[in-house]
Amino acid sequence: MNEPSSTAGPPAAGRVLVIDDDPTVAEVVAGYLARAGHHVDHAADGPQGLALARAHRPDLVVLDLMLPGIDGLEVLRRLRGQDAGAQLPVVMLTARGDEADRILGLELGADDYVTKPFSPRELVLRVQSVLRRSRAGAPVPGSPAGPVRSGDITLDGPARRARRAERELSLTAREFDLLAFFLRHPGTVFSRQELMARVWGWDFGDLSTVTVHVRRLREKIEDDPAAPRMISTVWGVGYRYDPAQGDGSAPGDDQTHGHDQAPGHDPAQGDDPVRGAVEEDRS
């Protein structure tokens, strides 16, 4: 099977918390992650996972959505509500076929998801990709060494910090990478496939992931996310970034429209999302 291409460089080993009530899945995932050099903690339910996250401050959480007691979406909400969890990278595991659950997880701030049954090697690659890009001080691929300014947005790649005017932006790892890419390519239209490949290094995946992250980024940088001026949807093509001029205005275009449709639908590309890899590893 095809697997997501990894970013060049050594593996970004770290402390990974796996929250999954299936002992077989947890054992396989923990084994693959440990062999890749990560330290792995395991929790079998939501409350234990939240307790371990507070106690050990993991670098990343692998979170199953189907958990007893407190489900994975509620765990994600509570993680995001903790001071230490606001920027904590999260990769969701889900056996659900309902796209709405995946979209909701992404809307709550998850960085990625893998659908069961999955290849453990694929999961490891996704974990390492998210870790590598979320590390404090890790530069955004292709970005200059110093701060970048576009309109009234300033981005510091090495420090992984972004501001609009005098306001600091609270961005997840994927939102930061997406904003950094847009700032480096103002006025250029990119399809969702191009953004997935060039921002995150994947040659396949569910394109609704890009749609959700564009929507979340708009909510954090636009004056009116419902009528975005900086990140415009170019119908039937993709997205284009135009710098704000300090008052929230940006160059107009009668071929662009700012409104996305319902979750999972994007007028830039239509309703044909590419499904991620779901086959079991047979090695």
# chains A, B, ... in the order shown; residues from 1 in each chain; ligands from 1
call {"tool": "select_by_dssp", "arguments": {"residues": "stretch 90-226 of chain A", "states": "strand (DSSP E)", "output": "ChimeraX atom specification"}}
result
/A:90-94,112-115,148-150,153-156,161-164,167-169,189-190
call {"tool": "residues_around", "arguments": {"residues": "A:Val28", "least_positions_apart": "6", "cutoff": "12 Å", "atoms": "only C-alpha atoms", "output": "list in words"}}
result
Val18, Asp20, Asp22, Ala34, Arg35, Val40, His42, Phe118, Ser119, Pro120, Arg121, Leu123, Val124, Glu280 and Asp281 of chain A
call {"tool": "atom_distance", "arguments": {"atom1": "atom CA of A:Leu93", "atom2": "atom CA of A:Ala30"}}
result
13.4 Å
call {"tool": "closest_atom_pairs", "arguments": {"of": "stretch 10-39 of chain A", "to": "stretch 49-66 of chain A", "cutoff": "8 Å", "atoms": "only C-alpha atoms", "output": "JSON lines"}}
result
{"residue": "A:Gly14", "atom": "CA", "partner": "A:Asp59", "partner_atom": "CA", "distance": 5.9}
{"residue": "A:Arg15", "atom": "CA", "partner": "A:Pro58", "partner_atom": "CA", "distance": 5.1}
{"residue": "A:Val16", "atom": "CA", "partner": "A:Leu60", "partner_atom": "CA", "distance": 5.0}
{"residue": "A:Leu17", "atom": "CA", "partner": "A:Val61", "partner_atom": "CA", "distance": 4.7}
{"residue": "A:Val18", "atom": "CA", "partner": "A:Val62", "partner_atom": "CA", "distance": 4.7}
{"residue": "A:Ile19", "atom": "CA", "partner": "A:Leu63", "partner_atom": "CA", "distance": 4.9}
{"residue": "A:Asp20", "atom": "CA", "partner": "A:Asp64", "partner_atom": "CA", "distance": 5.2}
{"residue": "A:Asp21", "atom": "CA", "partner": "A:Asp64", "partner_atom": "CA", "distance": 7.9}
call {"tool": "closest_residue", "arguments": {"among": "A:Thr94, A:Ile221, A:Arg192, A:Arg80", "to": "A:Thr154", "atoms": "only C-alpha atoms"}}
result
A:Ile221
call {"tool": "select_by_dssp", "arguments": {"residues": "stretch 96-248 of chain A", "states": "helix (DSSP H, G or I)", "output": "number ranges by chain"}}
result
A: 99-107, 120-134, 173-184, 192-200, 208-221
call {"tool": "write_last_selection", "arguments": {"atoms": "C-alpha atoms", "output": "PDB file, in the first residue's frame"}}
result
ATOM      1  CA  GLU A  99     -17.408  11.398   8.411  1.00  0.00           C
ATOM      2  CA  ALA A 100     -19.106  13.796  10.838  1.00  0.00           C
ATOM      3  CA  ASP A 101     -17.161  12.303  13.771  1.00  0.00           C
ATOM      4  CA  ARG A 102     -13.838  12.815  12.006  1.00  0.00           C
ATOM      5  CA  ILE A 103     -14.785  16.358  11.009  1.00  0.00           C
ATOM      6  CA  LEU A 104     -15.857  17.179  14.581  1.00  0.00           C
ATOM      7  CA  GLY A 105     -12.545  15.870  15.919  1.00  0.00           C
ATOM      8  CA  LEU A 106     -10.650  18.067  13.484  1.00  0.00           C
ATOM      9  CA  GLU A 107     -12.855  21.027  14.396  1.00  0.00           C
ATOM     10  CA  PRO A 120       0.824   0.628  12.182  1.00  0.00           C
ATOM     11  CA  ARG A 121       3.687   1.825  10.009  1.00  0.00           C
ATOM     12  CA  GLU A 122       1.445   4.502   8.546  1.00  0.00           C
ATOM     13  CA  LEU A 123       0.456   5.588  12.038  1.00  0.00           C
ATOM     14  CA  VAL A 124       4.113   5.848  13.077  1.00  0.00           C
ATOM     15  CA  LEU A 125       4.877   8.013  10.034  1.00  0.00           C
ATOM     16  CA  ARG A 126       1.952  10.295  10.809  1.00  0.00           C
ATOM     17  CA  VAL A 127       2.966  10.554  14.475  1.00  0.00           C
ATOM     18  CA  GLN A 128       6.533  11.426  13.506  1.00  0.00           C
ATOM     19  CA  SER A 129       5.365  13.987  10.963  1.00  0.00           C
ATOM     20  CA  VAL A 130       3.107  15.724  13.498  1.00  0.00           C
ATOM     21  CA  LEU A 131       5.782  15.600  16.207  1.00  0.00           C
ATOM     22  CA  ARG A 132       8.499  16.949  13.973  1.00  0.00           C
ATOM     23  CA  ARG A 133       6.451  19.962  12.970  1.00  0.00           C
ATOM     24  CA  SER A 134       4.982  20.693  16.385  1.00  0.00           C
ATOM     25  CA  ALA A 173       0.744  22.579  14.576  1.00  0.00           C
ATOM     26  CA  ARG A 174      -1.181  22.025  11.349  1.00  0.00           C
ATOM     27  CA  GLU A 175      -2.776  25.476  11.407  1.00  0.00           C
ATOM     28  CA  PHE A 176       0.659  27.032  11.897  1.00  0.00           C
ATOM     29  CA  ASP A 177       2.126  25.094   8.965  1.00  0.00           C
ATOM     30  CA  LEU A 178      -0.805  26.066   6.747  1.00  0.00           C
ATOM     31  CA  LEU A 179      -0.526  29.754   7.651  1.00  0.00           C
ATOM     32  CA  ALA A 180       3.239  29.675   7.075  1.00  0.00           C
ATOM     33  CA  PHE A 181       2.720  28.182   3.618  1.00  0.00           C
ATOM     34  CA  PHE A 182       0.091  30.761   2.685  1.00  0.00           C
ATOM     35  CA  LEU A 183       2.316  33.623   3.859  1.00  0.00           C
ATOM     36  CA  ARG A 184       5.134  32.368   1.638  1.00  0.00           C
ATOM     37  CA  ARG A 192      -6.601  20.912  -1.532  1.00  0.00           C
ATOM     38  CA  GLN A 193      -4.454  18.129  -3.017  1.00  0.00           C
ATOM     39  CA  GLU A 194      -1.575  20.574  -3.449  1.00  0.00           C
ATOM     40  CA  LEU A 195      -1.925  21.885   0.097  1.00  0.00           C
ATOM     41  CA  MET A 196      -1.994  18.357   1.514  1.00  0.00           C
ATOM     42  CA  ALA A 197       1.159  17.423  -0.403  1.00  0.00           C
ATOM     43  CA  ARG A 198       3.138  20.641  -0.060  1.00  0.00           C
ATOM     44  CA  VAL A 199       2.224  21.620   3.510  1.00  0.00           C
ATOM     45  CA  TRP A 200       2.120  18.202   5.171  1.00  0.00           C
ATOM     46  CA  SER A 208     -11.794  17.244   4.158  1.00  0.00           C
ATOM     47  CA  THR A 209      -8.823  17.494   6.545  1.00  0.00           C
ATOM     48  CA  VAL A 210      -7.603  20.472   4.512  1.00  0.00           C
ATOM     49  CA  THR A 211     -11.092  21.987   4.386  1.00  0.00           C
ATOM     50  CA  VAL A 212     -11.418  21.856   8.171  1.00  0.00           C
ATOM     51  CA  HIS A 213      -7.990  23.349   8.817  1.00  0.00           C
ATOM     52  CA  VAL A 214      -8.660  26.192   6.383  1.00  0.00           C
ATOM     53  CA  ARG A 215     -11.926  26.878   8.215  1.00  0.00           C
ATOM     54  CA  ARG A 216     -10.228  26.820  11.623  1.00  0.00           C
ATOM     55  CA  LEU A 217      -7.446  29.105  10.407  1.00  0.00           C
ATOM     56  CA  ARG A 218     -10.008  31.572   9.060  1.00  0.00           C
ATOM     57  CA  GLU A 219     -11.676  31.638  12.475  1.00  0.00           C
ATOM     58  CA  LYS A 220      -8.401  32.755  14.018  1.00  0.00           C
ATOM     59  CA  ILE A 221      -7.096  35.311  11.509  1.00  0.00           C
TER      60      ILE A 221
END
call {"tool": "atom_distance", "arguments": {"atom1": "atom CA of A:Arg164", "atom2": "atom CA of A:Val148"}}
result
11.8 Å
call {"tool": "atom_distance", "arguments": {"atom1": "atom CA of A:Leu73", "atom2": "atom CA of A:Lys116"}}
result
16.4 Å
call {"tool": "closest_residue", "arguments": {"among": "A:Ala44, A:Gln87, A:Asp224, A:Met92", "to": "A:Arg160", "atoms": "only C-alpha atoms"}}
result
A:Gln87
call {"tool": "closest_residue", "arguments": {"among": "A:Ala244, A:Ala26, A:Ile231, A:Leu33", "to": "A:Arg149", "atoms": "only C-alpha atoms"}}
result
A:Ala244
call {"tool": "decode", "arguments": {"residues": "stretch 14-58 of chain A", "atoms": "N, CA and C atoms", "output": "tab-separated table (two decimals), in the first residue's frame"}}
result
chain	number	residue	atom	x	y	z
A	14	GLY	N	9.68	11.12	20.77
A	14	GLY	CA	9.13	11.85	21.90
A	14	GLY	C	8.32	10.93	22.79
A	15	ARG	N	7.63	11.52	23.74
A	15	ARG	CA	6.77	10.77	24.65
A	15	ARG	C	5.36	10.79	24.09
A	16	VAL	N	4.82	9.60	23.81
A	16	VAL	CA	3.51	9.47	23.18
A	16	VAL	C	2.56	8.77	24.14
A	17	LEU	N	1.40	9.37	24.34
A	17	LEU	CA	0.36	8.77	25.17
A	17	LEU	C	-0.68	8.14	24.25
A	18	VAL	N	-0.88	6.83	24.37
A	18	VAL	CA	-1.88	6.11	23.59
A	18	VAL	C	-3.10	5.88	24.48
A	19	ILE	N	-4.26	6.40	24.08
A	19	ILE	CA	-5.50	6.21	24.83
A	19	ILE	C	-6.42	5.34	23.98
A	20	ASP	N	-6.51	4.07	24.34
A	20	ASP	CA	-7.30	3.10	23.56
A	20	ASP	C	-7.69	1.96	24.48
A	21	ASP	N	-8.97	1.57	24.46
A	21	ASP	CA	-9.43	0.52	25.37
A	21	ASP	C	-9.26	-0.88	24.80
A	22	ASP	N	-8.85	-0.99	23.53
A	22	ASP	CA	-8.61	-2.30	22.93
A	22	ASP	C	-7.18	-2.72	23.22
A	23	PRO	N	-6.96	-3.74	24.08
A	23	PRO	CA	-5.59	-4.09	24.47
A	23	PRO	C	-4.73	-4.54	23.30
A	24	THR	N	-5.34	-5.22	22.31
A	24	THR	CA	-4.56	-5.68	21.16
A	24	THR	C	-4.07	-4.51	20.33
A	25	VAL	N	-4.98	-3.58	20.03
A	25	VAL	CA	-4.60	-2.40	19.26
A	25	VAL	C	-3.55	-1.60	20.01
A	26	ALA	N	-3.77	-1.39	21.31
A	26	ALA	CA	-2.83	-0.61	22.11
A	26	ALA	C	-1.45	-1.26	22.13
A	27	GLU	N	-1.41	-2.59	22.23
A	27	GLU	CA	-0.12	-3.29	22.27
A	27	GLU	C	0.62	-3.15	20.94
A	28	VAL	N	-0.11	-3.29	19.84
A	28	VAL	CA	0.52	-3.18	18.52
A	28	VAL	C	1.02	-1.76	18.29
A	29	VAL	N	0.18	-0.78	18.58
A	29	VAL	CA	0.57	0.61	18.38
A	29	VAL	C	1.76	0.97	19.25
A	30	ALA	N	1.70	0.59	20.53
A	30	ALA	CA	2.81	0.90	21.43
A	30	ALA	C	4.10	0.23	20.98
A	31	GLY	N	3.99	-1.01	20.48
A	31	GLY	CA	5.18	-1.72	20.02
A	31	GLY	C	5.84	-1.03	18.84
A	32	TYR	N	5.05	-0.63	17.85
A	32	TYR	CA	5.61	0.05	16.69
A	32	TYR	C	6.21	1.40	17.06
A	33	LEU	N	5.51	2.13	17.93
A	33	LEU	CA	6.04	3.43	18.34
A	33	LEU	C	7.33	3.29	19.14
A	34	ALA	N	7.38	2.28	20.01
A	34	ALA	CA	8.59	2.06	20.81
A	34	ALA	C	9.76	1.68	19.91
A	35	ARG	N	9.51	0.84	18.90
A	35	ARG	CA	10.60	0.46	17.99
A	35	ARG	C	11.07	1.64	17.16
A	36	ALA	N	10.21	2.64	17.00
A	36	ALA	CA	10.61	3.85	16.28
A	36	ALA	C	11.34	4.84	17.19
A	37	GLY	N	11.52	4.47	18.47
A	37	GLY	CA	12.30	5.30	19.38
A	37	GLY	C	11.49	6.16	20.34
A	38	HIS	N	10.17	6.01	20.33
A	38	HIS	CA	9.33	6.82	21.21
A	38	HIS	C	9.13	6.14	22.56
A	39	HIS	N	8.98	6.96	23.60
A	39	HIS	CA	8.55	6.44	24.90
A	39	HIS	C	7.03	6.47	24.91
A	40	VAL	N	6.42	5.33	25.27
A	40	VAL	CA	4.97	5.20	25.14
A	40	VAL	C	4.32	4.96	26.50
A	41	ASP	N	3.29	5.74	26.81
A	41	ASP	CA	2.40	5.49	27.94
A	41	ASP	C	1.06	5.06	27.38
A	42	HIS	N	0.34	4.23	28.16
A	42	HIS	CA	-0.95	3.73	27.67
A	42	HIS	C	-2.03	3.95	28.72
A	43	ALA	N	-3.19	4.40	28.27
A	43	ALA	CA	-4.37	4.52	29.12
A	43	ALA	C	-5.51	3.78	28.44
A	44	ALA	N	-6.32	3.07	29.23
A	44	ALA	CA	-7.39	2.24	28.67
A	44	ALA	C	-8.74	2.94	28.65
A	45	ASP	N	-8.82	4.14	29.21
A	45	ASP	CA	-10.09	4.88	29.17
A	45	ASP	C	-9.81	6.38	29.26
A	46	GLY	N	-10.87	7.17	29.08
A	46	GLY	CA	-10.72	8.61	29.06
A	46	GLY	C	-10.18	9.22	30.33
A	47	PRO	N	-10.77	8.90	31.51
A	47	PRO	CA	-10.26	9.51	32.75
A	47	PRO	C	-8.79	9.21	33.01
A	48	GLN	N	-8.39	7.95	32.75
A	48	GLN	CA	-6.98	7.60	32.96
A	48	GLN	C	-6.10	8.36	31.97
A	49	GLY	N	-6.57	8.50	30.73
A	49	GLY	CA	-5.80	9.25	29.74
A	49	GLY	C	-5.60	10.70	30.14
A	50	LEU	N	-6.66	11.34	30.63
A	50	LEU	CA	-6.55	12.73	31.06
A	50	LEU	C	-5.60	12.86	32.24
A	51	ALA	N	-5.66	11.88	33.17
A	51	ALA	CA	-4.76	11.91	34.32
A	51	ALA	C	-3.30	11.77	33.89
A	52	LEU	N	-3.04	10.84	32.96
A	52	LEU	CA	-1.66	10.64	32.48
A	52	LEU	C	-1.17	11.86	31.70
A	53	ALA	N	-2.07	12.49	30.95
A	53	ALA	CA	-1.68	13.68	30.20
A	53	ALA	C	-1.26	14.80	31.15
A	54	ARG	N	-1.97	14.93	32.28
A	54	ARG	CA	-1.60	15.96	33.26
A	54	ARG	C	-0.31	15.60	33.98
A	55	ALA	N	-0.13	14.30	34.25
A	55	ALA	CA	1.02	13.88	35.06
A	55	ALA	C	2.33	13.87	34.27
A	56	HIS	N	2.27	13.45	33.00
A	56	HIS	CA	3.51	13.20	32.26
A	56	HIS	C	3.77	14.17	31.12
A	57	ARG	N	2.84	15.05	30.82
A	57	ARG	CA	3.02	16.04	29.76
A	57	ARG	C	3.57	15.39	28.48
A	58	PRO	N	2.80	14.56	27.80
A	58	PRO	CA	3.28	13.90	26.59
A	58	PRO	C	3.54	14.90	25.47
